Number of protein chains: 4
Amino acid sequence: MTQRTVDLNADCGESFGPWRMGADREILDIVTSANVACGFHAGDPDTMAETMAMAVAAGVALGAHPGYEDKQGFGRRALPMPPAAITRMVAYQIGAAQAMAALAGGALTHVKPHGALSNLASADRATADAVAAAVKAVDPSLVLLAIATTALEHAGRDAGLAVAAEIFADRAYEPDGQLMSRANPGAMVHDPALAAARVVEMVGEGVLLAHDGTRLATAVDSVCVHGDGPQAVAIARAVRDALEAAGIAIRPFAAGAGR
Amino acid sequence: MTQRTVDLNADCGESFGPWRMGADREILDIVTSANVACGFHAGDPDTMAETMAMAVAAGVALGAHPGYEDKQGFGRRALPMPPAAITRMVAYQIGAAQAMAALAGGALTHVKPHGALSNLASADRATADAVAAAVKAVDPSLVLLAIATTALEHAGRDAGLAVAAEIFADRAYEPDGQLMSRANPGAMVHDPALAAARVVEMVGEGVLLAHDGTRLATAVDSVCVHGDGPQAVAIARAVRDALEAAGIAIRPFAAGAGR
Amino acid sequence: MTQRTVDLNADCGESFGPWRMGADREILDIVTSANVACGFHAGDPDTMAETMAMAVAAGVALGAHPGYEDKQGFGRRALPMPPAAITRMVAYQIGAAQAMAALAGGALTHVKPHGALSNLASADRATADAVAAAVKAVDPSLVLLAIATTALEHAGRDAGLAVAAEIFADRAYEPDGQLMSRANPGAMVHDPALAAARVVEMVGEGVLLAHDGTRLATAVDSVCVHGDGPQAVAIARAVRDALEAAGIAIRPFAAGAGR
Amino acid sequence: MTQRTVDLNADCGESFGPWRMGADREILDIVTSANVACGFHAGDPDTMAETMAMAVAAGVALGAHPGYEDKQGFGRRALPMPPAAITRMVAYQIGAAQAMAALAGGALTHVKPHGALSNLASADRATADAVAAAVKAVDPSLVLLAIATTALEHAGRDAGLAVAAEIFADRAYEPDGQLMSRANPGAMVHDPALAAARVVEMVGEGVLLAHDGTRLATAVDSVCVHGDGPQAVAIARAVRDALEAAGIAIRPFAAGAGR
């Protein structure tokens, strides 16, 4: 029996001061969960407030999107830190996001790490545990949004957190479930129709589709789409339309995320 | 009838990365409330975690000490910002502090603005309202710790917040209740015995003592002492000892702060 | 006799990390002098290197565009600082820009303050003197690019610096030569043809044209155009074309700026 | 024949905003070369100005001490960056330091990388070349101050720069010339008399003394002492006194550094 509901999530609020990034307004009309940058790799209190107010108005669930404190590198450079410092860095950002959500008249529902922190938490269990520990300490009712089949998904479940497993609409997978490196020419899916068809199959059947045809069974609670890049909004829209056409309802995972 | 209990508070956690400031460990043995810098004018997630863990171990109540985002200027330079941006900046820091308190096994009880933000919130009602709005939006059960008789005290009460009014052990007052400017040679009290005697009189009788002899009636819920400067710990200790010798118990204000 | 040559300048390199701002590539085909952000209000070493390499390739003169250290506020908020600290802040940025110019195979020719620092240096002589002192101390052969008729123009000349006086293609003037505040609906000129005609008249006749018809005599060594905003490149191109059609050659001021 | 002159260098200007670090005033009475932090890992324009003014008054040569842009980590965390970005980052800081030196009435003579950048430039030739390229592009007359026998020493010489090789008064060496890791209990020399005796032997005979007795021949143009830590000033003073007692004059390397 195929899955009947799924969440769509996107990273939002990645502007900073005078600089704009991403089509937040358009993407918030498509997704059901927004991962809002917390002022470390991007964002600032004004950007967070504006983004969260838009999300609340659009009925989109609010998440924290913590990253390394490195705006110049956009959180894409791994800063050497012991796990306890990662826990503190993530906890700080979750708290800030909770407060900004309250100020926007909403409430934080989930946490998804960004960039190099996400990469490291996907591959390295100590980092994954450090991220999960931050969520658990600050608010154990928050859902941890983790890339399906990664160390972070396992760390979250082992910590007793509600975990939502996400797949990517526009990224190719290796046979072991890892995202194909962007350095590889086939790493990105640029065609909206192809992206949409892949997502429908992955969500409907609960599998990751690797580039070599491998099908890896997984929970799929959310689909990550993007708000920046020339094709991003078109892909996001195509994915949503195709899921709905296939009879799969788009709903926030927060209510249904299983432990 | 004289007052029988009062809180002692101090600013803590004002180190940053490799740089130390303040005798936090010594001062946490003396005070009952710690106002912890939130990473904007000073502090960082590691410093906050270390400071809050010490405070929890010492049984000291945890407060947020938000300031302007200006480490080079230590939050002592007023950055021109509209009130809504001040609310967002303060809300962000309160949330971060709540999370770090949870990580330390404690809970945030109060908020006290720092430096130029405190100066502006004391004198300018729009700024004071912006600070109070942040507290109210993030967690209306938090106590606002305000300098006695200032715009911030009034803004907090008008917002329906619990407000604790503080006096300074080591600062002279103008007849209207304002702190004497540090540019004035008599602005600081350096003698521990004199500071202690003044505090006992102000707390015991519920007045501010101005430099010209004026006595201004006020609520006194807390006494601010300092952990940096050559005399600071000695003054703090003298103040505590003198209050106890006068039969005034030292207790955190959080429980007793009146609306 | 009308003026036969003038410089065109634009602010460039105001991207930061992953965030883009301004059509630098297009504008560098139009102007003769580029004012490159120095990493305080915008820019970073990579952005400076990329921008300066483009400018050198386009034969455009390199200037430093120092501002307050406030990326979130884009240098548009005046941070309270004593004049000596302004001199240090500006000197630091000039030196950084000189080094980046050398790395790009060029050499710095001029300095133009940004945003709130420019506003303050235009109106307040102590700030203007502080900026001029930085230029003089770091390299007295650098040209100070100042808004025509302002305190900064006077401070530069009094310091013995070569000063280039600039007018704005897209801004209205008050009768006393001040730029009309952007809060005023008529402050900006949006029509390329109108902007171009005004510039030709101001350059050709050596006057500022105020909104009430006042004509204020001034040196005009450069015309400031912009690289961001929907009309900016079109205005810049129209200004250049109209000046050339009027027989006024577009040349960098650096060679001809008079003391 | 033993060496008759050597330089003493120390890192200075590592305060930041309100936070103090290091006994700069005391150490500037002992050393002949100061490596001044450039605002990335520590320092700011005011701190640089104050430090350089003290150094100029003490007749101490001014150097740039560039590091990773990471004040919280004090430049001790290696930020992943391609070599070209390292060149830009170092060039920027050298230029800033040159300007601040000019403002202080002096001139920059040398460059010495800090912390994780120094570690990486010592061990990794690509990083070493990136640092040398920055020095060469900004001002090829600057001396590169490199740890004796490291990749940075070789990179500097191969780039045609004047290189000064330094040894450490208070650190143990491995047989291959690397500094022993601080994680090792014997890594630091705490006894002033022992540090002084070792330095006299290393300078006098032109060798590194490894912990196992290995003697590695090397140029020794400078001895690095420190201004922070409980024993630092005492060690620095003991080293200077012992060198002078051994008939070795203390002179800045800048004049005598060989290509």
# chains A, B, ... in the order shown; residues from 1 in each chain; ligands from 1

$ closest_atom_pairs --of "chain B" --to "chain C" --cutoff "8 Å" --atoms "only C-alpha atoms" --output "Markdown table"
| residue | atom | partner | partner_atom | distance |
| --- | --- | --- | --- | --- |
| B:Arg77 | CA | C:Pro80 | CA | 5.9 |
| B:Ala78 | CA | C:Pro80 | CA | 6.9 |
| B:Leu79 | CA | C:Leu79 | CA | 5.7 |
| B:Pro80 | CA | C:Arg77 | CA | 5.9 |

$ write_last_selection --atoms "C-alpha atoms" --output "CSV table (one decimal), in the first residue's frame"
chain,number,residue,atom,x,y,z
B,77,ARG,CA,27.4,52.2,21.6
B,78,ALA,CA,23.8,52.8,20.7
B,79,LEU,CA,23.2,51.5,17.2
B,80,PRO,CA,20.4,53.4,15.5

$ calpha_fit_and_write --fixed "chain D" --moving "chain B" --output "CSV table (one decimal) with C-alpha atoms, in the first residue's frame"
chain,number,residue,atom,x,y,z
B,1,MET,CA,82.2,30.6,14.7
B,2,THR,CA,79.0,31.3,16.7
B,3,GLN,CA,76.2,33.7,15.7
B,4,ARG,CA,76.7,37.2,17.1
B,5,THR,CA,73.2,38.7,16.7
B,6,VAL,CA,69.6,37.5,16.8
B,7,ASP,CA,66.1,39.0,16.9
B,8,LEU,CA,63.5,38.5,19.6
B,9,ASN,CA,59.9,38.5,18.5
B,10,ALA,CA,56.5,38.3,20.2
B,11,ASP,CA,52.9,38.3,19.2
B,12,CYS,CA,51.2,41.5,20.3
B,13,GLY,CA,47.9,43.4,19.9
B,14,GLU,CA,45.8,40.3,20.7
B,15,SER,CA,43.3,42.2,22.8
B,16,PHE,CA,39.9,42.9,21.2
B,17,GLY,CA,37.5,45.6,22.1
B,18,PRO,CA,37.0,45.6,25.8
B,19,TRP,CA,39.0,42.4,26.4
B,20,ARG,CA,42.7,42.4,27.3
B,21,MET,CA,45.2,39.7,26.4
B,22,GLY,CA,49.0,39.7,26.9
B,23,ALA,CA,51.4,41.9,28.7
B,24,ASP,CA,52.2,44.0,25.6
B,25,ARG,CA,53.8,46.9,27.4
B,26,GLU,CA,56.2,44.7,29.3
B,27,ILE,CA,57.1,42.5,26.4
B,28,LEU,CA,57.7,45.5,24.1
B,29,ASP,CA,60.5,46.4,26.4
B,30,ILE,CA,62.2,43.1,25.8
B,31,VAL,CA,61.7,42.2,22.1
B,32,THR,CA,62.9,43.7,18.9
B,33,SER,CA,60.1,42.6,16.6
B,34,ALA,CA,56.3,42.7,17.3
B,35,ASN,CA,53.8,40.6,15.3
B,36,VAL,CA,50.6,42.6,15.6
B,37,ALA,CA,47.2,40.8,15.2
B,38,CYS,CA,45.3,42.2,12.2
B,39,GLY,CA,41.7,42.1,13.3
B,40,PHE,CA,40.8,38.7,12.0
B,41,HIS,CA,41.7,36.3,14.9
B,42,ALA,CA,42.2,39.2,17.4
B,43,GLY,CA,42.7,42.9,17.4
B,44,ASP,CA,40.8,45.7,15.9
B,45,PRO,CA,41.8,49.1,14.4
B,46,ASP,CA,41.9,50.7,17.9
B,47,THR,CA,43.9,47.9,19.4
B,48,MET,CA,46.3,47.9,16.4
B,49,ALA,CA,46.8,51.6,16.7
B,50,GLU,CA,47.5,51.5,20.4
B,51,THR,CA,49.9,48.5,20.1
B,52,MET,CA,51.8,49.9,17.1
B,53,ALA,CA,52.2,53.3,18.8
B,54,MET,CA,53.7,51.5,21.8
B,55,ALA,CA,56.0,49.5,19.6
B,56,VAL,CA,57.1,52.5,17.6
B,57,ALA,CA,57.8,54.3,20.9
B,58,ALA,CA,59.8,51.3,22.1
B,59,GLY,CA,61.8,51.1,18.9
B,60,VAL,CA,60.4,47.7,18.1
B,61,ALA,CA,59.9,46.6,14.5
B,62,LEU,CA,56.3,46.2,13.3
B,63,GLY,CA,55.0,43.0,11.7
B,64,ALA,CA,51.6,41.7,10.6
B,65,HIS,CA,50.3,38.6,12.3
B,66,PRO,CA,47.5,37.5,10.1
B,67,GLY,CA,45.1,34.6,11.0
B,68,TYR,CA,41.8,33.0,10.2
B,69,GLU,CA,38.8,35.2,10.6
B,70,ASP,CA,37.5,33.6,13.8
B,71,LYS,CA,37.7,35.6,17.0
B,72,GLN,CA,35.7,33.1,19.0
B,73,GLY,CA,38.2,30.4,18.1
B,74,PHE,CA,41.2,32.8,18.3
B,75,GLY,CA,42.3,31.7,14.8
B,76,ARG,CA,43.2,28.3,16.2
B,77,ARG,CA,40.6,26.4,14.1
B,78,ALA,CA,41.5,25.8,10.4
B,79,LEU,CA,38.7,27.0,8.2
B,80,PRO,CA,38.6,25.0,5.0
B,81,MET,CA,39.7,27.5,2.3
B,82,PRO,CA,41.3,27.1,-1.2
B,83,PRO,CA,44.8,28.5,-1.4
B,84,ALA,CA,43.7,31.5,-3.5
B,85,ALA,CA,41.4,32.5,-0.7
B,86,ILE,CA,44.2,32.2,1.8
B,87,THR,CA,46.3,34.5,-0.3
B,88,ARG,CA,43.5,37.0,-0.3
B,89,MET,CA,42.8,36.8,3.4
B,90,VAL,CA,46.5,37.3,4.2
B,91,ALA,CA,47.0,40.1,1.7
B,92,TYR,CA,44.0,41.9,3.2
B,93,GLN,CA,45.5,41.7,6.6
B,94,ILE,CA,49.0,42.8,5.5
B,95,GLY,CA,47.6,45.8,3.8
B,96,ALA,CA,45.5,46.8,6.9
B,97,ALA,CA,48.6,46.4,9.0
B,98,GLN,CA,50.7,48.5,6.7
B,99,ALA,CA,48.2,51.3,6.9
B,100,MET,CA,48.0,51.1,10.7
B,101,ALA,CA,51.8,51.1,10.9
B,102,ALA,CA,51.8,54.3,8.7
B,103,LEU,CA,49.2,55.9,11.0
B,104,ALA,CA,51.4,55.0,14.0
B,105,GLY,CA,54.4,56.7,12.3
B,106,GLY,CA,56.1,53.5,11.5
B,107,ALA,CA,56.4,51.0,8.7
B,108,LEU,CA,55.7,47.3,8.4
B,109,THR,CA,58.8,45.2,8.2
B,110,HIS,CA,57.6,41.6,8.3
B,111,VAL,CA,54.7,39.1,8.3
B,112,LYS,CA,54.2,36.0,10.5
B,113,PRO,CA,51.1,33.9,10.3
B,114,HIS,CA,49.1,33.0,13.4
B,115,GLY,CA,47.6,29.9,15.0
B,116,ALA,CA,46.0,27.3,12.7
B,117,LEU,CA,47.2,29.3,9.7
B,118,SER,CA,50.8,29.0,11.0
B,119,ASN,CA,50.4,25.3,11.7
B,120,LEU,CA,49.0,24.6,8.3
B,121,ALA,CA,51.6,26.8,6.5
B,122,SER,CA,54.3,25.0,8.4
B,123,ALA,CA,53.2,21.5,7.3
B,124,ASP,CA,51.4,22.0,4.0
B,125,ARG,CA,53.3,23.4,1.1
B,126,ALA,CA,50.2,24.7,-0.8
B,127,THR,CA,49.2,26.8,2.2
B,128,ALA,CA,52.8,28.0,2.7
B,129,ASP,CA,52.9,29.0,-1.0
B,130,ALA,CA,49.6,30.8,-0.6
B,131,VAL,CA,50.9,32.8,2.4
B,132,ALA,CA,54.2,33.6,0.6
B,133,ALA,CA,52.2,34.7,-2.5
B,134,ALA,CA,50.3,37.2,-0.5
B,135,VAL,CA,53.5,38.8,1.0
B,136,LYS,CA,55.1,38.9,-2.5
B,137,ALA,CA,52.1,40.5,-4.1
B,138,VAL,CA,51.5,43.2,-1.5
B,139,ASP,CA,55.1,44.1,-0.8
B,140,PRO,CA,58.0,41.9,-1.8
B,141,SER,CA,60.3,43.8,0.5
B,142,LEU,CA,58.5,42.5,3.6
B,143,VAL,CA,60.4,39.7,5.5
B,144,LEU,CA,58.5,36.5,6.0
B,145,LEU,CA,59.0,35.3,9.6
B,146,ALA,CA,58.7,31.5,9.5
B,147,ILE,CA,59.3,28.7,12.0
B,148,ALA,CA,62.7,27.2,11.2
B,149,THR,CA,62.8,24.2,8.9
B,150,THR,CA,59.1,24.3,8.0
B,151,ALA,CA,57.3,24.4,4.6
B,152,LEU,CA,56.7,28.1,5.1
B,153,GLU,CA,60.5,28.8,5.4
B,154,HIS,CA,61.0,26.9,2.1
B,155,ALA,CA,58.0,28.5,0.4
B,156,GLY,CA,59.3,31.9,1.3
B,157,ARG,CA,62.8,31.3,0.0
B,158,ASP,CA,61.5,29.8,-3.2
B,159,ALA,CA,59.3,32.8,-3.8
B,160,GLY,CA,62.4,35.0,-3.5
B,161,LEU,CA,61.3,36.6,-0.3
B,162,ALA,CA,63.6,37.5,2.6
B,163,VAL,CA,62.9,34.9,5.2
B,164,ALA,CA,63.7,35.0,8.9
B,165,ALA,CA,63.8,31.6,10.6
B,166,GLU,CA,62.5,31.5,14.2
B,167,ILE,CA,62.9,29.2,17.1
B,168,PHE,CA,60.7,29.0,20.2
B,169,ALA,CA,62.1,29.7,23.6
B,170,ASP,CA,59.3,27.7,25.4
B,171,ARG,CA,58.5,24.8,23.1
B,172,ALA,CA,60.0,21.3,22.7
B,173,TYR,CA,60.9,20.0,19.3
B,174,GLU,CA,60.5,16.6,17.6
B,175,PRO,CA,63.6,15.1,15.9
B,176,ASP,CA,62.3,16.2,12.5
B,177,GLY,CA,62.1,19.8,13.6
B,178,GLN,CA,58.4,20.0,14.1
B,179,LEU,CA,57.1,21.6,17.3
B,180,MET,CA,56.0,19.0,19.8
B,181,SER,CA,52.2,19.0,20.0
B,182,ARG,CA,50.8,20.8,23.1
B,183,ALA,CA,48.8,17.7,23.8
B,184,ASN,CA,52.1,16.2,24.9
B,185,PRO,CA,53.0,16.8,28.6
B,186,GLY,CA,56.6,17.8,27.8
B,187,ALA,CA,55.6,20.2,25.0
B,188,MET,CA,56.1,23.4,27.0
B,189,VAL,CA,59.3,24.7,28.7
B,190,HIS,CA,58.1,26.5,31.9
B,191,ASP,CA,61.5,27.2,33.6
B,192,PRO,CA,63.0,30.5,32.6
B,193,ALA,CA,66.6,29.4,33.2
B,194,LEU,CA,66.1,26.2,31.2
B,195,ALA,CA,64.4,28.1,28.4
B,196,ALA,CA,67.2,30.7,28.3
B,197,ALA,CA,70.0,28.0,28.3
B,198,ARG,CA,68.3,26.2,25.4
B,199,VAL,CA,67.9,29.4,23.4
B,200,VAL,CA,71.6,30.3,23.9
B,201,GLU,CA,72.7,26.9,22.7
B,202,MET,CA,70.3,26.9,19.7
B,203,VAL,CA,71.2,30.4,18.6
B,204,GLY,CA,74.9,30.1,19.3
B,205,GLU,CA,75.2,26.9,17.4
B,206,GLY,CA,72.5,27.2,14.8
B,207,VAL,CA,70.6,24.1,15.7
B,208,LEU,CA,67.2,22.9,16.9
B,209,LEU,CA,67.5,20.8,20.0
B,210,ALA,CA,65.0,18.0,19.9
B,211,HIS,CA,63.6,16.3,23.0
B,212,ASP,CA,65.6,13.1,22.2
B,213,GLY,CA,68.9,14.9,21.8
B,214,THR,CA,68.8,15.3,18.1
B,215,ARG,CA,70.5,18.4,16.9
B,216,LEU,CA,69.1,19.7,13.6
B,217,ALA,CA,71.1,22.4,11.8
B,218,THR,CA,69.1,25.5,10.9
B,219,ALA,CA,69.3,29.2,10.4
B,220,VAL,CA,68.1,31.0,13.5
B,221,ASP,CA,67.3,34.7,12.8
B,222,SER,CA,64.8,35.2,15.6
B,223,VAL,CA,63.6,33.7,18.9
B,224,CYS,CA,59.9,33.8,19.6
B,225,VAL,CA,58.9,34.7,23.2
B,226,HIS,CA,55.4,35.2,24.5
B,227,GLY,CA,53.6,37.9,26.4
B,228,ASP,CA,50.8,35.9,27.9
B,229,GLY,CA,50.8,33.1,30.5
B,230,PRO,CA,52.2,33.2,34.0
B,231,GLN,CA,55.9,32.7,33.1
B,232,ALA,CA,55.9,34.4,29.8
B,233,VAL,CA,57.5,37.7,30.6
B,234,ALA,CA,60.0,36.1,33.0
B,235,ILE,CA,61.0,33.6,30.3
B,236,ALA,CA,61.3,36.4,27.7
B,237,ARG,CA,63.5,38.5,30.1
B,238,ALA,CA,65.7,35.5,31.0
B,239,VAL,CA,66.2,34.7,27.3
B,240,ARG,CA,67.2,38.2,26.5
B,241,ASP,CA,69.6,38.4,29.4
B,242,ALA,CA,71.2,35.1,28.7
B,243,LEU,CA,71.7,35.9,25.1
B,244,GLU,CA,73.4,39.2,25.9
B,245,ALA,CA,75.5,37.5,28.6
B,246,ALA,CA,76.6,35.1,25.9
B,247,GLY,CA,77.7,37.9,23.7
B,248,ILE,CA,74.9,37.7,21.3
B,249,ALA,CA,73.4,41.1,20.4
B,250,ILE,CA,69.7,41.5,20.2
B,251,ARG,CA,68.8,43.2,16.9
B,252,PRO,CA,65.8,43.2,14.6
B,253,PHE,CA,66.2,40.7,11.8
B,254,ALA,CA,64.7,42.9,9.2
B,255,ALA,CA,67.9,44.5,8.2
B,256,GLY,CA,69.9,41.3,8.1
B,257,ALA,CA,67.4,38.7,6.9
B,258,GLY,CA,69.1,36.8,4.0
B,259,ARG,CA,67.4,35.6,0.9

$ select_by_dssp --residues "segment 141-193 of chain A" --states "strand (DSSP E)" --output "PyMOL selection string"
chain A and resi 143-147+162-168

$ select_by_dssp --residues "segment 1-249 of chain C" --states "helix (DSSP H, G or I)" --output "ChimeraX atom specification"
/C:24-27,45-57,83-103,115-123,125-138,151-158,192-205,232-245
